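Peer 1: I'd like to ask some things about the structure below.
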Amino acid sequence: MDKKKQKAVLEAILFTMGESVEVERLAEVIGQNAKKTKALLKELQEDYAKEDRGINLIELDGAFQMCTKADMYEYLIKIAKTHKKLVLSDSVLETLSIIAYKQPVTKSEIEKIRGVSCDFAVNKLLEYELVMEVGRLDAPGRPILFGTTEQFLRSFGVRSLEELPELNPDRVEEFRQEAEQEVQIQLNV
């Protein structure tokens, strides 16, 4: 492996790891001794400094780590403060609807209603801060109870849960029948 390729490999490893990696480990990967590997890492440091890049390499007690230059922090703060666009898939939206109308509710109750696992959907909703853990059910295993958050209210433009549209009982029965038909179709496949 030529020198350019070795530097590229070191850069890729340090970027991907996101934490410090010992020179000896890096040397082993590129098939060099520690002294030559450290020299390559020093060259990478110089390359970043010369090119006035947004990242640099730092040395930490015999290990190297790729990090952001200090003068870039203000830009990182700006991007971190910008709002992420929430994209809710149908399954995530269905799960959110169940939590909003049935809260507090457990995952198993949600899964019983939806007929499928809801781990992904609940985790997405927690990540988007639309739902939160509101307690534990006093039952074997003490399952987590989920409810909506203030962020949910803000995102959907309602001041309280009482402002959520009422469910039409006829539509609920229609939805239940459709769900049962889908389950039967899936069981027969």
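Letters for chains follow the order of the structure tokens (A, B, ...), residue numbers begin at 1 for each chain, and ligand numbers begin at 1 in the order shown.
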I'd like the contact shell of A:Gln6 - 10 Å cut-off, only C-alpha atoms, skipping same-chain residues fewer than 5 positions apart - returned as a list in words.
Peer 2: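 Within the cut-off, the hits are Met1, Glu11, Ala12, Leu26, Ala27, Val29, Ile30, Gly31, Gln32, Thr37, Leu40 and Leu41 of chain A.
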Peer 1: Just want the 12 Å neighbourhood of A:Asp71, counted on only C-alpha atoms, with same-chain residues fewer than 6 positions away dropped. Output as a PDB file with N, CA and C atoms, in the first residue's frame.
Peer 2:
```
ATOM      1  N   ASP A  52      -6.311  24.776   5.916  1.00  0.00           N
ATOM      2  CA  ASP A  52      -7.303  25.503   6.709  1.00  0.00           C
ATOM      3  C   ASP A  52      -8.666  24.809   6.666  1.00  0.00           C
ATOM      4  N   ARG A  53      -8.655  23.533   7.020  1.00  0.00           N
ATOM      5  CA  ARG A  53      -9.860  22.704   7.008  1.00  0.00           C
ATOM      6  C   ARG A  53     -10.651  22.889   8.296  1.00  0.00           C
ATOM      7  N   GLY A  54     -11.855  22.385   8.326  1.00  0.00           N
ATOM      8  CA  GLY A  54     -12.713  22.479   9.501  1.00  0.00           C
ATOM      9  C   GLY A  54     -12.435  21.408  10.535  1.00  0.00           C
ATOM     10  N   ILE A  55     -11.582  20.473  10.185  1.00  0.00           N
ATOM     11  CA  ILE A  55     -11.237  19.393  11.111  1.00  0.00           C
ATOM     12  C   ILE A  55      -9.731  19.354  11.309  1.00  0.00           C
ATOM     13  N   ASN A  56      -9.331  18.669  12.360  1.00  0.00           N
ATOM     14  CA  ASN A  56      -7.908  18.434  12.579  1.00  0.00           C
ATOM     15  C   ASN A  56      -7.715  17.137  13.339  1.00  0.00           C
ATOM     16  N   ILE A  77     -23.048  25.027  16.487  1.00  0.00           N
ATOM     17  CA  ILE A  77     -24.155  25.442  17.350  1.00  0.00           C
ATOM     18  C   ILE A  77     -25.320  25.937  16.504  1.00  0.00           C
TER      19      ILE A  77
END
```
Peer 1: If you run DSSP over the backbone, which residues in stretch 10-189 of chain A end up strand (DSSP E or B)? Put them as JSON, numbers by chain.
Peer 2: {"A": [21, 22, 55, 56, 57, 58, 59, 60, 63, 64, 65, 66, 67, 68, 105, 131, 132, 133, 134, 135, 136, 144, 145, 146, 147, 148]}
Peer 1: Any chance you could export the current selection's N, CA, C and O atoms as an mmCIF file, in the first residue's frame?
Peer 2:
```
data_model
loop_
_atom_site.group_PDB
_atom_site.id
_atom_site.type_symbol
_atom_site.label_atom_id
_atom_site.label_comp_id
_atom_site.auth_asym_id
_atom_site.auth_seq_id
_atom_site.Cartn_x
_atom_site.Cartn_y
_atom_site.Cartn_z
ATOM 1 N N VAL A 21 -7.832 6.557 18.643
ATOM 2 C CA VAL A 21 -7.365 5.209 18.317
ATOM 3 C C VAL A 21 -5.855 5.182 18.523
ATOM 4 O O VAL A 21 -5.144 6.074 18.072
ATOM 5 N N GLU A 22 -5.379 4.153 19.206
ATOM 6 C CA GLU A 22 -3.961 4.026 19.509
ATOM 7 C C GLU A 22 -3.143 3.860 18.231
ATOM 8 O O GLU A 22 -3.557 3.182 17.296
ATOM 9 N N ILE A 55 -11.582 20.473 10.185
ATOM 10 C CA ILE A 55 -11.237 19.393 11.111
ATOM 11 C C ILE A 55 -9.731 19.354 11.309
ATOM 12 O O ILE A 55 -8.982 19.926 10.530
ATOM 13 N N ASN A 56 -9.331 18.669 12.360
ATOM 14 C CA ASN A 56 -7.908 18.434 12.579
ATOM 15 C C ASN A 56 -7.715 17.137 13.339
ATOM 16 O O ASN A 56 -8.690 16.506 13.763
ATOM 17 N N LEU A 57 -6.460 16.739 13.468
ATOM 18 C CA LEU A 57 -6.121 15.548 14.249
ATOM 19 C C LEU A 57 -5.456 16.011 15.527
ATOM 20 O O LEU A 57 -4.581 16.876 15.494
ATOM 21 N N ILE A 58 -5.876 15.414 16.624
ATOM 22 C CA ILE A 58 -5.216 15.712 17.891
ATOM 23 C C ILE A 58 -4.594 14.436 18.428
ATOM 24 O O ILE A 58 -5.076 13.334 18.142
ATOM 25 N N GLU A 59 -3.516 14.607 19.171
ATOM 26 C CA GLU A 59 -2.838 13.466 19.775
ATOM 27 C C GLU A 59 -3.193 13.432 21.248
ATOM 28 O O GLU A 59 -3.119 14.449 21.941
ATOM 29 N N LEU A 60 -3.590 12.265 21.708
ATOM 30 C CA LEU A 60 -4.000 12.075 23.093
ATOM 31 C C LEU A 60 -3.297 10.851 23.664
ATOM 32 O O LEU A 60 -3.737 9.729 23.444
ATOM 33 N N ALA A 63 -2.448 8.153 21.195
ATOM 34 C CA ALA A 63 -3.568 7.856 20.307
ATOM 35 C C ALA A 63 -3.911 9.138 19.540
ATOM 36 O O ALA A 63 -3.525 10.234 19.946
ATOM 37 N N PHE A 64 -4.622 8.967 18.433
ATOM 38 C CA PHE A 64 -5.026 10.113 17.628
ATOM 39 C C PHE A 64 -6.536 10.106 17.451
ATOM 40 O O PHE A 64 -7.167 9.044 17.424
ATOM 41 N N GLN A 65 -7.083 11.321 17.336
ATOM 42 C CA GLN A 65 -8.512 11.463 17.148
ATOM 43 C C GLN A 65 -8.779 12.604 16.179
ATOM 44 O O GLN A 65 -8.129 13.648 16.240
ATOM 45 N N MET A 66 -9.742 12.388 15.302
ATOM 46 C CA MET A 66 -10.176 13.440 14.396
ATOM 47 C C MET A 66 -11.233 14.251 15.137
ATOM 48 O O MET A 66 -12.119 13.694 15.794
ATOM 49 N N CYS A 67 -11.116 15.582 15.056
ATOM 50 C CA CYS A 67 -12.106 16.421 15.729
ATOM 51 C C CYS A 67 -12.305 17.722 14.955
ATOM 52 O O CYS A 67 -11.561 18.034 14.025
ATOM 53 N N THR A 68 -13.296 18.457 15.372
ATOM 54 C CA THR A 68 -13.613 19.736 14.759
ATOM 55 C C THR A 68 -12.698 20.810 15.329
ATOM 56 O O THR A 68 -12.433 20.825 16.528
ATOM 57 N N VAL A 105 -50.253 4.404 27.774
ATOM 58 C CA VAL A 105 -50.409 3.125 27.095
ATOM 59 C C VAL A 105 -49.052 2.426 27.017
ATOM 60 O O VAL A 105 -48.019 3.082 26.919
ATOM 61 N N VAL A 131 -43.344 11.737 22.142
ATOM 62 C CA VAL A 131 -43.846 10.938 23.256
ATOM 63 C C VAL A 131 -42.747 10.787 24.288
ATOM 64 O O VAL A 131 -41.573 11.036 24.005
ATOM 65 N N MET A 132 -43.161 10.393 25.491
ATOM 66 C CA MET A 132 -42.197 10.176 26.561
ATOM 67 C C MET A 132 -42.721 9.079 27.477
ATOM 68 O O MET A 132 -43.902 8.723 27.431
ATOM 69 N N GLU A 133 -41.812 8.578 28.302
ATOM 70 C CA GLU A 133 -42.209 7.621 29.323
ATOM 71 C C GLU A 133 -42.900 8.403 30.435
ATOM 72 O O GLU A 133 -42.358 9.383 30.935
ATOM 73 N N VAL A 134 -44.106 7.970 30.794
ATOM 74 C CA VAL A 134 -44.851 8.695 31.824
ATOM 75 C C VAL A 134 -45.010 7.893 33.115
ATOM 76 O O VAL A 134 -45.630 8.361 34.053
ATOM 77 N N GLY A 135 -44.453 6.697 33.127
ATOM 78 C CA GLY A 135 -44.539 5.881 34.326
ATOM 79 C C GLY A 135 -44.429 4.408 33.986
ATOM 80 O O GLY A 135 -44.024 4.032 32.883
ATOM 81 N N ARG A 136 -44.812 3.600 34.965
ATOM 82 C CA ARG A 136 -44.781 2.146 34.794
ATOM 83 C C ARG A 136 -46.122 1.585 35.220
ATOM 84 O O ARG A 136 -46.713 2.039 36.202
ATOM 85 N N ILE A 144 -43.402 -0.099 30.637
ATOM 86 C CA ILE A 144 -43.363 1.359 30.537
ATOM 87 C C ILE A 144 -44.671 1.876 29.938
ATOM 88 O O ILE A 144 -45.194 1.317 28.972
ATOM 89 N N LEU A 145 -45.154 2.953 30.507
ATOM 90 C CA LEU A 145 -46.326 3.649 29.972
ATOM 91 C C LEU A 145 -45.852 4.854 29.164
ATOM 92 O O LEU A 145 -44.952 5.576 29.592
ATOM 93 N N PHE A 146 -46.456 5.068 28.012
ATOM 94 C CA PHE A 146 -46.095 6.182 27.147
ATOM 95 C C PHE A 146 -47.236 7.179 27.047
ATOM 96 O O PHE A 146 -48.409 6.806 27.071
ATOM 97 N N GLY A 147 -46.858 8.441 26.913
ATOM 98 C CA GLY A 147 -47.823 9.517 26.705
ATOM 99 C C GLY A 147 -47.194 10.569 25.818
ATOM 100 O O GLY A 147 -45.996 10.533 25.528
ATOM 101 N N THR A 148 -47.997 11.521 25.389
ATOM 102 C CA THR A 148 -47.502 12.579 24.509
ATOM 103 C C THR A 148 -46.815 13.679 25.318
ATOM 104 O O THR A 148 -46.959 13.758 26.530
#
```
Peer 1: A:Ile98: which residues within 10 Å, counting only C-alpha atoms, same-chain residues fewer than 4 positions away excluded, as a count of residues only?
Peer 2: 13
Peer 1: So, with only C-alpha atoms as the atoms that count, which of A:Ser20, A:Lys50, A:Lys107, A:Gly62 lies closest to A:Arg142?
Peer 2: A:Lys107
Peer 1: To one decimal in Å, tell me the separation between atom CA of A:Leu130 and atom CA of A:Thr149.
Peer 2: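 We find that atom CA of A:Leu130 and atom CA of A:Thr149 lie 5.4 Å from each other.
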Peer 1: Atom CA of A:Val158 to atom CA of A:Thr95: how many Å, to one decimal?
Peer 2: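 According to the coordinates, atom CA of A:Val158 and atom CA of A:Thr95 are separated by 18.3 Å.
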Peer 1: Check the smallest atom-to-atom distance from each of A:Ala34, A:Ala121, A:Ala100, A:Pro140 to A:Ser160 using only C-alpha atoms, then report the winner.
Peer 2: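 Using only C-alpha atoms, A:Ser160 sits closest to A:Ala100.
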Peer 1: With a distance cut-off of 12 Å and only C-alpha atoms, select the neighbouring residues of A:Ser155, excluding the residue or stretch itself and same-chain residues fewer than 2 positions from it, and output the selection as a list in words.
Peer 2: His83, Lys84, Lys85, Leu86, Val87, Leu88, Tyr128, Glu129, Leu130, Val131, Thr148, Thr149, Glu150, Gln151, Phe152, Leu153, Gly157, Val158, Arg159 and Ser160 of chain A
Peer 1: If you keep N, CA and C atoms, can you produce a file of those selected residues as a PDB file, in the first residue's frame?
Peer 2:
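again.pdb was written with the following content:
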```pdb
ATOM      1  N   HIS A  83     -34.212  23.665  13.340  1.00  0.00           N
ATOM      2  CA  HIS A  83     -35.208  22.611  13.534  1.00  0.00           C
ATOM      3  C   HIS A  83     -35.089  21.544  12.466  1.00  0.00           C
ATOM      4  N   LYS A  84     -35.155  20.312  12.933  1.00  0.00           N
ATOM      5  CA  LYS A  84     -35.167  19.193  11.998  1.00  0.00           C
ATOM      6  C   LYS A  84     -36.598  19.019  11.495  1.00  0.00           C
ATOM      7  N   LYS A  85     -36.718  18.740  10.218  1.00  0.00           N
ATOM      8  CA  LYS A  85     -38.034  18.473   9.669  1.00  0.00           C
ATOM      9  C   LYS A  85     -38.436  17.060  10.097  1.00  0.00           C
ATOM     10  N   LEU A  86     -39.583  16.968  10.739  1.00  0.00           N
ATOM     11  CA  LEU A  86     -40.059  15.665  11.178  1.00  0.00           C
ATOM     12  C   LEU A  86     -40.798  14.990  10.031  1.00  0.00           C
ATOM     13  N   VAL A  87     -40.376  13.799   9.711  1.00  0.00           N
ATOM     14  CA  VAL A  87     -41.050  13.012   8.692  1.00  0.00           C
ATOM     15  C   VAL A  87     -41.591  11.777   9.395  1.00  0.00           C
ATOM     16  N   LEU A  88     -42.911  11.696   9.443  1.00  0.00           N
ATOM     17  CA  LEU A  88     -43.545  10.583  10.131  1.00  0.00           C
ATOM     18  C   LEU A  88     -44.141   9.623   9.107  1.00  0.00           C
ATOM     19  N   TYR A 128     -37.980  12.009  18.349  1.00  0.00           N
ATOM     20  CA  TYR A 128     -38.555  13.288  17.936  1.00  0.00           C
ATOM     21  C   TYR A 128     -39.176  14.049  19.105  1.00  0.00           C
ATOM     22  N   GLU A 129     -39.132  13.444  20.289  1.00  0.00           N
ATOM     23  CA  GLU A 129     -39.678  14.041  21.515  1.00  0.00           C
ATOM     24  C   GLU A 129     -41.172  14.329  21.411  1.00  0.00           C
ATOM     25  N   LEU A 130     -41.884  13.480  20.676  1.00  0.00           N
ATOM     26  CA  LEU A 130     -43.333  13.591  20.575  1.00  0.00           C
ATOM     27  C   LEU A 130     -44.024  12.772  21.649  1.00  0.00           C
ATOM     28  N   VAL A 131     -43.344  11.737  22.142  1.00  0.00           N
ATOM     29  CA  VAL A 131     -43.846  10.938  23.256  1.00  0.00           C
ATOM     30  C   VAL A 131     -42.747  10.787  24.288  1.00  0.00           C
ATOM     31  N   THR A 148     -47.997  11.521  25.389  1.00  0.00           N
ATOM     32  CA  THR A 148     -47.502  12.579  24.509  1.00  0.00           C
ATOM     33  C   THR A 148     -46.815  13.679  25.318  1.00  0.00           C
ATOM     34  N   THR A 149     -46.078  14.531  24.608  1.00  0.00           N
ATOM     35  CA  THR A 149     -45.302  15.601  25.226  1.00  0.00           C
ATOM     36  C   THR A 149     -45.853  16.960  24.811  1.00  0.00           C
ATOM     37  N   GLU A 150     -45.288  18.008  25.405  1.00  0.00           N
ATOM     38  CA  GLU A 150     -45.627  19.363  24.971  1.00  0.00           C
ATOM     39  C   GLU A 150     -45.207  19.572  23.524  1.00  0.00           C
ATOM     40  N   GLN A 151     -44.098  18.944  23.126  1.00  0.00           N
ATOM     41  CA  GLN A 151     -43.646  19.043  21.734  1.00  0.00           C
ATOM     42  C   GLN A 151     -44.709  18.495  20.790  1.00  0.00           C
ATOM     43  N   PHE A 152     -45.387  17.432  21.183  1.00  0.00           N
ATOM     44  CA  PHE A 152     -46.491  16.883  20.391  1.00  0.00           C
ATOM     45  C   PHE A 152     -47.572  17.940  20.209  1.00  0.00           C
ATOM     46  N   LEU A 153     -47.957  18.589  21.302  1.00  0.00           N
ATOM     47  CA  LEU A 153     -48.995  19.620  21.222  1.00  0.00           C
ATOM     48  C   LEU A 153     -48.569  20.755  20.290  1.00  0.00           C
ATOM     49  N   GLY A 157     -50.299  21.725  16.762  1.00  0.00           N
ATOM     50  CA  GLY A 157     -51.072  22.957  16.886  1.00  0.00           C
ATOM     51  C   GLY A 157     -52.276  22.872  17.804  1.00  0.00           C
ATOM     52  N   VAL A 158     -52.162  22.106  18.877  1.00  0.00           N
ATOM     53  CA  VAL A 158     -53.244  22.042  19.863  1.00  0.00           C
ATOM     54  C   VAL A 158     -52.703  22.441  21.230  1.00  0.00           C
ATOM     55  N   ARG A 159     -53.576  23.057  22.042  1.00  0.00           N
ATOM     56  CA  ARG A 159     -53.147  23.499  23.375  1.00  0.00           C
ATOM     57  C   ARG A 159     -53.249  22.394  24.410  1.00  0.00           C
ATOM     58  N   SER A 160     -54.175  21.454  24.180  1.00  0.00           N
ATOM     59  CA  SER A 160     -54.333  20.347  25.126  1.00  0.00           C
ATOM     60  C   SER A 160     -54.891  19.140  24.383  1.00  0.00           C
TER      61      SER A 160
END
```
